[in-house]
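For reference, the structure is listed below as structure tokens.
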Amino acid sequence: MSHGNINNITARLNAARRVAIFGGTHGNEMSGVTLVNLWMQNSAEIQRRGVEIQPFITNPKAVEKCVRYVDTDLNRAFTQENLSVTGGDELPYEVQRAQEINRMFGPKGSADAYDVIFDLHNTTSNMGCTLILESSKDAFNLQMMNYIKKAFAPASCLVLLNEHPLLKYSTSRSVAKHPVGLEVGPQPQGVLRSNIFEAMRVILKHALDFIELFNEGMEFPACSVEVFRVLERMDYPRDANGNIIAMVHPNLQDCDWEPLNPGDPMFQTFDGKSIHYQGPSTVYPTFINEAAYYEKQQAFVTTRRENLLASAIRKA
Amino acid sequence: MQVDEPLLLPRLSRVAVCGGTHGNELSGVYLVQEMMKTQKGGEDREPASVSMLLSNPRAMQHCRRYVDIDLNRCFTHATLNGPISERAPYEIIRARELNAMLGPKGSRAAVDLVCDLHNTTANMGLCFIAYSDCDWICLHIFKYLQKQMPNMPMRFIHFDIPNKESYSLDSIGKHGFAMEIGPQPHGCVKSNIYTAMKEGVQHMLDWAGYFNSGCVFEGGSVEVFTLVKNIDYPREGGTHNITATIHPYLQDRDFCLLHPGDPLFQTFSGETLLYKGKEPLYPFFINECAYYEKGIALSLARKKTVTIPSIWVQTEKEEEQSFTSEEEE
């Protein structure tokens, strides 16, 4: 975990010249769909000097039907296997789409890939504004997130780090060199709430400002960024047939990012009994009661608070 | 002082509680499943028989509102009885099945009471939705629930639609209403919402039991919200896409009086659009997800007070006599 004495080293990074903003990766997460459609019609708000910024609807069929996905979850579809498999029209719609997106904005892992992709999401969980980081070693992203958090303050914007070898998944944004997830909630699927919409808009504004400043040569000194690192996925209690037999406990509902201590109530059965958290230490749950995760066997994820050190960065 | 004689009404011999009419409104789904577990079949729960039903199992399986078309619009007389093709939408076929099980609608064989369980993304608390503002059974049940659940915001909504045009599942029973509870996202169950629904259904069944046993329920008054109109989102001419959201001032303020000149929508460019009606009205179903496709951003109602009479169950002899005199007519 040690980065050595990074305080003395300024990382020289390439300017971010090609940036994309993805909306509609899940077709019923309305803030991103609406913002991207708006910006495709009129991009004035998202233009910045020295960088090409492309708004893009990733899953148009799902958007049209106002569903999360048509055949399979696009935001899990960008595996190496899916990106290289042949089959054309026979492939599930989202796998075809993933290949198309990889051609346009990737190829994933190559020097030609887009520099930054922002992927806009909503959640039914009470997560507020959350930035999702896929690598603790991405100094550019860490510095951007630090900038956004400070610019957005006193309103809260937290960082979720998902680097877990098993729970990490192949997102649409992972095609880029620097993938950034934006998750804002709570908002029901299919609904557009003005406060959620505006919050996402403001966060994106700060993110694009950062990119412009970076590209113009501003140095960002070394900093410490608080993140919540994903530890474990907790499923609902189920019966022998796999049916859910309990709900998120009223004491836990809407308490994203608040400490969950061993012994605290976690679930409530349909006939009113409490089930308690049995883990060894305090954790910070999030994605509590996300509607889309019932089918993914996830009632919430647990996280641990950490401070990551980001080295100073400057354009090369 | 003359005390009014209670109005005599037939007993509620058969009650149906339906969940999953919309497959992604999960409180009702889980509640009916739970009640089915603890109850063995449609047992006689003295003195009424209670049936639990999952109305739209295919939609539930996919966690969608519906498969082909909205089941809760399929219960008009025309849809239930008209000609039907082999390739009819799933929900039309299912509506006819439900009508055979619980109805037929409009006939003497229909169940006495249908309670259809729903959730909404709108901040509506617990609402009864009924076609009549003078169905004393429904109004008394509502009044009873208000008394038993004083901390629950509760409203009675009246859709002034004549019986021959009524379209929802609850219209199959001789008496019926939808129990609508929010806010809850579709596809999710929130424990506080589930618990409120569970309590509401329990109290309703208790009431039916007391009524059937001969309790007199004192009359009184009930506030009723009658639907006046719906307002759609502002939309773009060509694409029909919405161009504004519910204004932050109005969001979540269901049943707070909306005055002419109050903020209604906020456009994506930040402009406020005001309510231009002439009359202050009560908004509800504010930002209900499922209504975007129906062209409804919010509904508006007028409030009035309805006086309800005392009621008492009719004895079997009195019921027979009233059937006889009905037939003679």
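Order determines the names: the first chain of the structure tokens is A, the second B, and so forth; residues in each chain are numbered 1 upward, and ligands are numbered 1 upward as they are shown.
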
Check: which chain A residues lie within 6 Å of chain B using only C-alpha atoms, as a PDB file with C-alpha atoms, in the first residue's frame:
ATOM      1  CA  PRO A 188     -36.825   5.817  -8.076  1.00  0.00           C
ATOM      2  CA  GLY A 190     -37.983   5.900 -14.228  1.00  0.00           C
ATOM      3  CA  VAL A 191     -38.425   9.111 -12.245  1.00  0.00           C
ATOM      4  CA  SER A 194     -35.123  18.078  -9.973  1.00  0.00           C
ATOM      5  CA  PRO A 250     -36.090   0.284   9.262  1.00  0.00           C
ATOM      6  CA  ALA A 291     -33.962  -1.940  -6.461  1.00  0.00           C
TER       7      ALA A 291
END

message: DSSP on the backbone: which residues in segment 103-306 of chain A end up as alpha helix (DSSP H)? Give the answer as a PyMOL selection string.
response: chain A and resi 103-105+139-152+194-215

*asked:* I want to know what sits within 12 Å of Leu182 of chain A, based on only C-alpha atoms, with residues of the same chain fewer than 4 positions away left out; could you give that as a ChimeraX atom specification?
replied: /A:21-23,25,29,31-32,117-123,127-134,145,148,157-160,173,196-197,199-204,207

Save the residues we just selected, N, CA and C atoms, as a short mmCIF file (atom, residue, chain, number, x, y, z; two decimals), in the first residue's frame?
data_model
loop_
_atom_site.label_atom_id
_atom_site.label_comp_id
_atom_site.auth_asym_id
_atom_site.auth_seq_id
_atom_site.Cartn_x
_atom_site.Cartn_y
_atom_site.Cartn_z
N ILE A 21 -19.15 11.58 -21.88
CA ILE A 21 -20.13 11.54 -20.79
C ILE A 21 -21.22 10.56 -21.20
N PHE A 22 -21.29 9.45 -20.48
CA PHE A 22 -22.27 8.42 -20.80
C PHE A 22 -23.54 8.60 -19.98
N GLY A 23 -24.68 8.56 -20.65
CA GLY A 23 -25.97 8.51 -19.95
C GLY A 23 -26.74 7.31 -20.45
N THR A 25 -26.73 4.20 -19.47
CA THR A 25 -26.15 2.86 -19.39
C THR A 25 -27.19 1.92 -18.77
N GLU A 29 -32.48 5.12 -15.49
CA GLU A 29 -31.82 6.03 -14.53
C GLU A 29 -31.81 7.40 -15.19
N SER A 31 -31.61 10.80 -14.59
CA SER A 31 -30.81 12.04 -14.58
C SER A 31 -29.82 12.03 -15.74
N GLY A 32 -29.10 10.93 -15.89
CA GLY A 32 -28.08 10.83 -16.93
C GLY A 32 -28.69 10.85 -18.32
N ILE A 117 -13.93 8.86 -19.08
CA ILE A 117 -15.36 8.67 -19.32
C ILE A 117 -16.09 8.82 -17.99
N PHE A 118 -17.08 9.70 -18.01
CA PHE A 118 -17.99 9.86 -16.87
C PHE A 118 -19.25 9.06 -17.19
N ASP A 119 -19.63 8.19 -16.27
CA ASP A 119 -20.81 7.36 -16.50
C ASP A 119 -21.87 7.74 -15.47
N LEU A 120 -23.02 8.24 -15.95
CA LEU A 120 -24.02 8.83 -15.05
C LEU A 120 -25.07 7.81 -14.62
N HIS A 121 -25.23 7.67 -13.33
CA HIS A 121 -26.17 6.69 -12.77
C HIS A 121 -27.01 7.28 -11.67
N ASN A 122 -28.18 6.66 -11.45
CA ASN A 122 -28.99 6.97 -10.27
C ASN A 122 -29.17 5.69 -9.48
N THR A 123 -29.53 5.84 -8.23
CA THR A 123 -29.78 4.70 -7.36
C THR A 123 -31.00 4.97 -6.50
N MET A 127 -27.79 7.38 -1.19
CA MET A 127 -26.33 7.53 -1.22
C MET A 127 -25.89 8.97 -1.39
N GLY A 128 -26.84 9.86 -1.67
CA GLY A 128 -26.44 11.23 -1.97
C GLY A 128 -25.60 11.24 -3.24
N CYS A 129 -24.62 12.13 -3.29
CA CYS A 129 -23.74 12.20 -4.46
C CYS A 129 -22.52 11.36 -4.20
N THR A 130 -22.25 10.42 -5.09
CA THR A 130 -21.13 9.50 -4.91
C THR A 130 -20.33 9.40 -6.19
N LEU A 131 -19.01 9.45 -6.03
CA LEU A 131 -18.12 9.22 -7.17
C LEU A 131 -17.58 7.80 -7.02
N ILE A 132 -17.52 7.07 -8.12
CA ILE A 132 -17.04 5.69 -8.02
C ILE A 132 -15.70 5.55 -8.72
N LEU A 133 -14.74 5.06 -7.95
CA LEU A 133 -13.35 4.92 -8.37
C LEU A 133 -13.05 3.44 -8.55
N GLU A 134 -12.32 3.10 -9.62
CA GLU A 134 -12.05 1.69 -9.85
C GLU A 134 -10.62 1.29 -9.50
N MET A 145 -11.30 13.84 -8.04
CA MET A 145 -12.33 13.63 -7.02
C MET A 145 -12.10 14.55 -5.82
N ILE A 148 -13.39 17.91 -6.89
CA ILE A 148 -14.86 17.94 -6.92
C ILE A 148 -15.42 18.05 -5.50
N CYS A 157 -20.01 14.99 -1.12
CA CYS A 157 -19.82 14.12 -2.28
C CYS A 157 -18.77 13.09 -1.85
N LEU A 158 -19.19 11.85 -1.74
CA LEU A 158 -18.30 10.82 -1.20
C LEU A 158 -17.71 9.97 -2.33
N VAL A 159 -16.62 9.27 -2.01
CA VAL A 159 -15.96 8.44 -3.01
C VAL A 159 -16.05 6.98 -2.60
N LEU A 160 -16.58 6.17 -3.50
CA LEU A 160 -16.66 4.73 -3.29
C LEU A 160 -15.59 4.08 -4.15
N ARG A 173 -17.73 2.40 -18.49
CA ARG A 173 -16.69 3.43 -18.42
C ARG A 173 -15.28 2.83 -18.39
N ILE A 196 -32.03 15.98 -7.68
CA ILE A 196 -31.04 14.96 -8.05
C ILE A 196 -30.39 15.34 -9.39
N PHE A 197 -31.22 15.78 -10.30
CA PHE A 197 -30.79 16.22 -11.63
C PHE A 197 -29.78 17.37 -11.51
N ALA A 199 -28.00 18.27 -8.88
CA ALA A 199 -26.77 17.88 -8.18
C ALA A 199 -25.80 17.22 -9.16
N MET A 200 -26.33 16.34 -10.00
CA MET A 200 -25.47 15.64 -10.96
C MET A 200 -24.86 16.64 -11.94
N ARG A 201 -25.65 17.57 -12.35
CA ARG A 201 -25.20 18.61 -13.28
C ARG A 201 -24.05 19.42 -12.70
N VAL A 202 -24.17 19.78 -11.42
CA VAL A 202 -23.14 20.59 -10.76
C VAL A 202 -21.85 19.79 -10.60
N ILE A 203 -21.97 18.53 -10.23
CA ILE A 203 -20.77 17.69 -10.06
C ILE A 203 -20.02 17.57 -11.38
N LEU A 204 -20.76 17.38 -12.45
CA LEU A 204 -20.12 17.27 -13.76
C LEU A 204 -19.43 18.58 -14.14
N ALA A 207 -16.19 18.64 -12.42
CA ALA A 207 -15.28 17.66 -13.02
C ALA A 207 -14.66 18.21 -14.31
#

> So what do you get for atom CA of Lys296 of chain A versus atom CA of Tyr69 of chain A, distance-wise?
Replying inline: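 Atom-to-atom, atom CA of Lys296 of chain A and atom CA of Tyr69 of chain A are spaced 13.7 Å apart.
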
*asked:* My list of candidates is B:Met101, B:Leu258, B:Val32, B:Leu250. Which is closest to Arg193 of chain A when distances are computed with only C-alpha atoms?
replied: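 Nearest to Arg193 of chain A: B:Leu250.
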
Worksheet entry | Shell of 12 Å around segment 75-78 of chain B, only C-alpha atoms, local chain residues under 2 positions omitted, as a ChimeraX atom specification | /B:21,70-73,80-84,91-100,102-107,161-173

Quick one: write out the picked residues with C-alpha atoms as an mmCIF file, in the first residue's frame?
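Written out: again-v4.cif:
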data_model
loop_
_atom_site.group_PDB
_atom_site.id
_atom_site.type_symbol
_atom_site.label_atom_id
_atom_site.label_comp_id
_atom_site.auth_asym_id
_atom_site.auth_seq_id
_atom_site.Cartn_x
_atom_site.Cartn_y
_atom_site.Cartn_z
ATOM 1 C CA THR B 21 -51.568 -6.104 -9.904
ATOM 2 C CA ASP B 70 -51.575 -2.229 -17.750
ATOM 3 C CA LEU B 71 -53.712 -4.889 -16.017
ATOM 4 C CA ASN B 72 -55.366 -2.254 -13.866
ATOM 5 C CA ARG B 73 -57.007 -0.684 -16.892
ATOM 6 C CA LEU B 80 -64.149 -8.133 -19.863
ATOM 7 C CA ASN B 81 -67.016 -9.153 -22.090
ATOM 8 C CA GLY B 82 -66.153 -8.062 -25.606
ATOM 9 C CA PRO B 83 -64.764 -10.288 -28.367
ATOM 10 C CA ILE B 84 -61.229 -11.504 -27.830
ATOM 11 C CA GLU B 91 -53.282 -8.828 -19.227
ATOM 12 C CA ILE B 92 -56.641 -8.983 -21.016
ATOM 13 C CA ILE B 93 -56.676 -12.746 -20.696
ATOM 14 C CA ARG B 94 -55.658 -12.458 -17.055
ATOM 15 C CA ALA B 95 -58.328 -9.825 -16.365
ATOM 16 C CA ARG B 96 -60.970 -12.229 -17.630
ATOM 17 C CA GLU B 97 -59.577 -14.980 -15.390
ATOM 18 C CA LEU B 98 -59.700 -12.661 -12.399
ATOM 19 C CA ASN B 99 -63.234 -11.625 -13.329
ATOM 20 C CA ALA B 100 -64.263 -15.281 -13.391
ATOM 21 C CA LEU B 102 -63.825 -12.767 -8.188
ATOM 22 C CA GLY B 103 -66.813 -11.632 -10.246
ATOM 23 C CA PRO B 104 -68.425 -11.559 -12.631
ATOM 24 C CA LYS B 105 -68.332 -7.797 -12.247
ATOM 25 C CA GLY B 106 -71.805 -6.420 -11.674
ATOM 26 C CA SER B 107 -73.365 -9.750 -10.759
ATOM 27 C CA ILE B 161 -66.179 7.720 -12.910
ATOM 28 C CA PRO B 162 -69.514 6.006 -13.535
ATOM 29 C CA ASN B 163 -69.628 2.295 -12.871
ATOM 30 C CA LYS B 164 -69.934 1.287 -16.510
ATOM 31 C CA GLU B 165 -66.618 3.004 -17.244
ATOM 32 C CA SER B 166 -64.752 1.801 -14.173
ATOM 33 C CA TYR B 167 -61.550 0.059 -15.255
ATOM 34 C CA SER B 168 -59.609 -1.186 -12.252
ATOM 35 C CA LEU B 169 -59.486 -4.535 -10.452
ATOM 36 C CA ASP B 170 -61.259 -3.264 -7.358
ATOM 37 C CA SER B 171 -64.361 -2.518 -9.468
ATOM 38 C CA ILE B 172 -65.056 -6.254 -9.767
ATOM 39 C CA GLY B 173 -66.294 -6.560 -6.189
#

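For the choices A:Ser224, A:Gln80, A:Gln96, A:Gln253, the atom-to-atom distance to Tyr169 of chain A is smallest for A:Gln80 when using only C-alpha atoms.
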
Would you please give, as a ChimeraX atom specification, all residues of segment 79-251 of chain A that DSSP assigns to strand (DSSP E or B) based on the backbone?
-> /A:116-122,128-133,157-161,178-185,220,223-234,238,244,246-248

Within 9 Å of Pro262 of chain A, counting only C-alpha atoms, which residues show up once you throw out same-chain ones fewer than 6 positions away? Write them as a list in words, please. His276, Tyr277, Gln278, Gly279, Pro280, Ser281, Thr282 and Val283 of chain A

Which residues, written as number ranges by chain, have at least one atom at most 8 Å from segment 140-147 of chain B, with only C-alpha atoms counted and residues fewer than 2 positions away on the same chain left out?
B: 128, 136-138, 149-150, 152, 154, 156, 200, 203-204, 207, 217, 222, 308

(request) Could you tell me how far atom CA of Asn141 of chain A lies from atom CA of Pro107 of chain A, in Å and to one decimal? (result)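 Result for atom CA of Asn141 of chain A versus atom CA of Pro107 of chain A: 19.7 Å, one decimal.
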
Thr124 of chain A proximity check over A:Lys168, A:Val227, A:Tyr293, A:Asn59, using only C-alpha atoms: winner is A:Tyr293

Write out as an NGL selection string each polymer residue whose atoms come within 8 Å of Met52 of chain B, counting only C-alpha atoms; drop sequence neighbours fewer than 6 positions from it.
:B and (16-19 or 32 or 35-36 or 42)

For the selection just defined, write its residues with all heavy atoms to a file, as a compact mmCIF listing (two decimals), in the first residue's frame.
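And here's out.txt as it stands now:
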# COMPACT_ATOMS: atom_id res chain seq x y z
N ALA B 16 -61.58 -10.24 -0.90
CA ALA B 16 -60.37 -10.60 -1.64
C ALA B 16 -59.31 -9.51 -1.44
O ALA B 16 -59.62 -8.33 -1.53
CB ALA B 16 -60.68 -10.75 -3.13
N VAL B 17 -58.09 -9.95 -1.12
CA VAL B 17 -56.94 -9.04 -1.01
C VAL B 17 -56.00 -9.39 -2.14
O VAL B 17 -55.53 -10.53 -2.24
CB VAL B 17 -56.24 -9.20 0.36
CG1 VAL B 17 -55.02 -8.29 0.43
CG2 VAL B 17 -57.21 -8.90 1.50
N CYS B 18 -55.73 -8.42 -3.01
CA CYS B 18 -54.94 -8.67 -4.21
C CYS B 18 -53.63 -7.89 -4.17
O CYS B 18 -53.63 -6.71 -3.86
CB CYS B 18 -55.71 -8.26 -5.46
SG CYS B 18 -57.34 -9.03 -5.55
N GLY B 19 -52.52 -8.57 -4.50
CA GLY B 19 -51.23 -7.90 -4.59
C GLY B 19 -50.63 -8.16 -5.96
O GLY B 19 -51.06 -9.06 -6.67
N VAL B 32 -48.95 -10.22 0.29
CA VAL B 32 -49.86 -11.30 -0.09
C VAL B 32 -49.14 -12.65 0.00
O VAL B 32 -49.71 -13.62 0.51
CB VAL B 32 -50.45 -11.05 -1.49
CG1 VAL B 32 -51.08 -12.30 -2.07
CG2 VAL B 32 -51.46 -9.92 -1.44
N MET B 35 -49.05 -13.50 3.62
CA MET B 35 -50.36 -13.88 4.14
C MET B 35 -50.80 -15.23 3.61
O MET B 35 -51.48 -15.99 4.29
CB MET B 35 -51.40 -12.80 3.80
CG MET B 35 -51.18 -11.52 4.58
SD MET B 35 -52.28 -10.18 4.10
CE MET B 35 -53.76 -10.63 4.98
N MET B 36 -50.38 -15.56 2.40
CA MET B 36 -50.70 -16.87 1.83
C MET B 36 -50.01 -17.97 2.63
O MET B 36 -50.55 -19.06 2.82
CB MET B 36 -50.25 -16.96 0.38
CG MET B 36 -51.20 -16.34 -0.61
SD MET B 36 -50.40 -16.22 -2.23
CE MET B 36 -51.80 -16.15 -3.29
N GLY B 42 -58.19 -20.38 0.98
CA GLY B 42 -59.18 -19.32 1.26
C GLY B 42 -60.03 -19.76 2.43
O GLY B 42 -61.24 -19.92 2.33

- atom CA of Glu216 of chain A to atom CA of Ser110 of chain A, straight-line distance in Å: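 Between atom CA of Ser110 of chain A and atom CA of Glu216 of chain A the gap is 24.7 Å.
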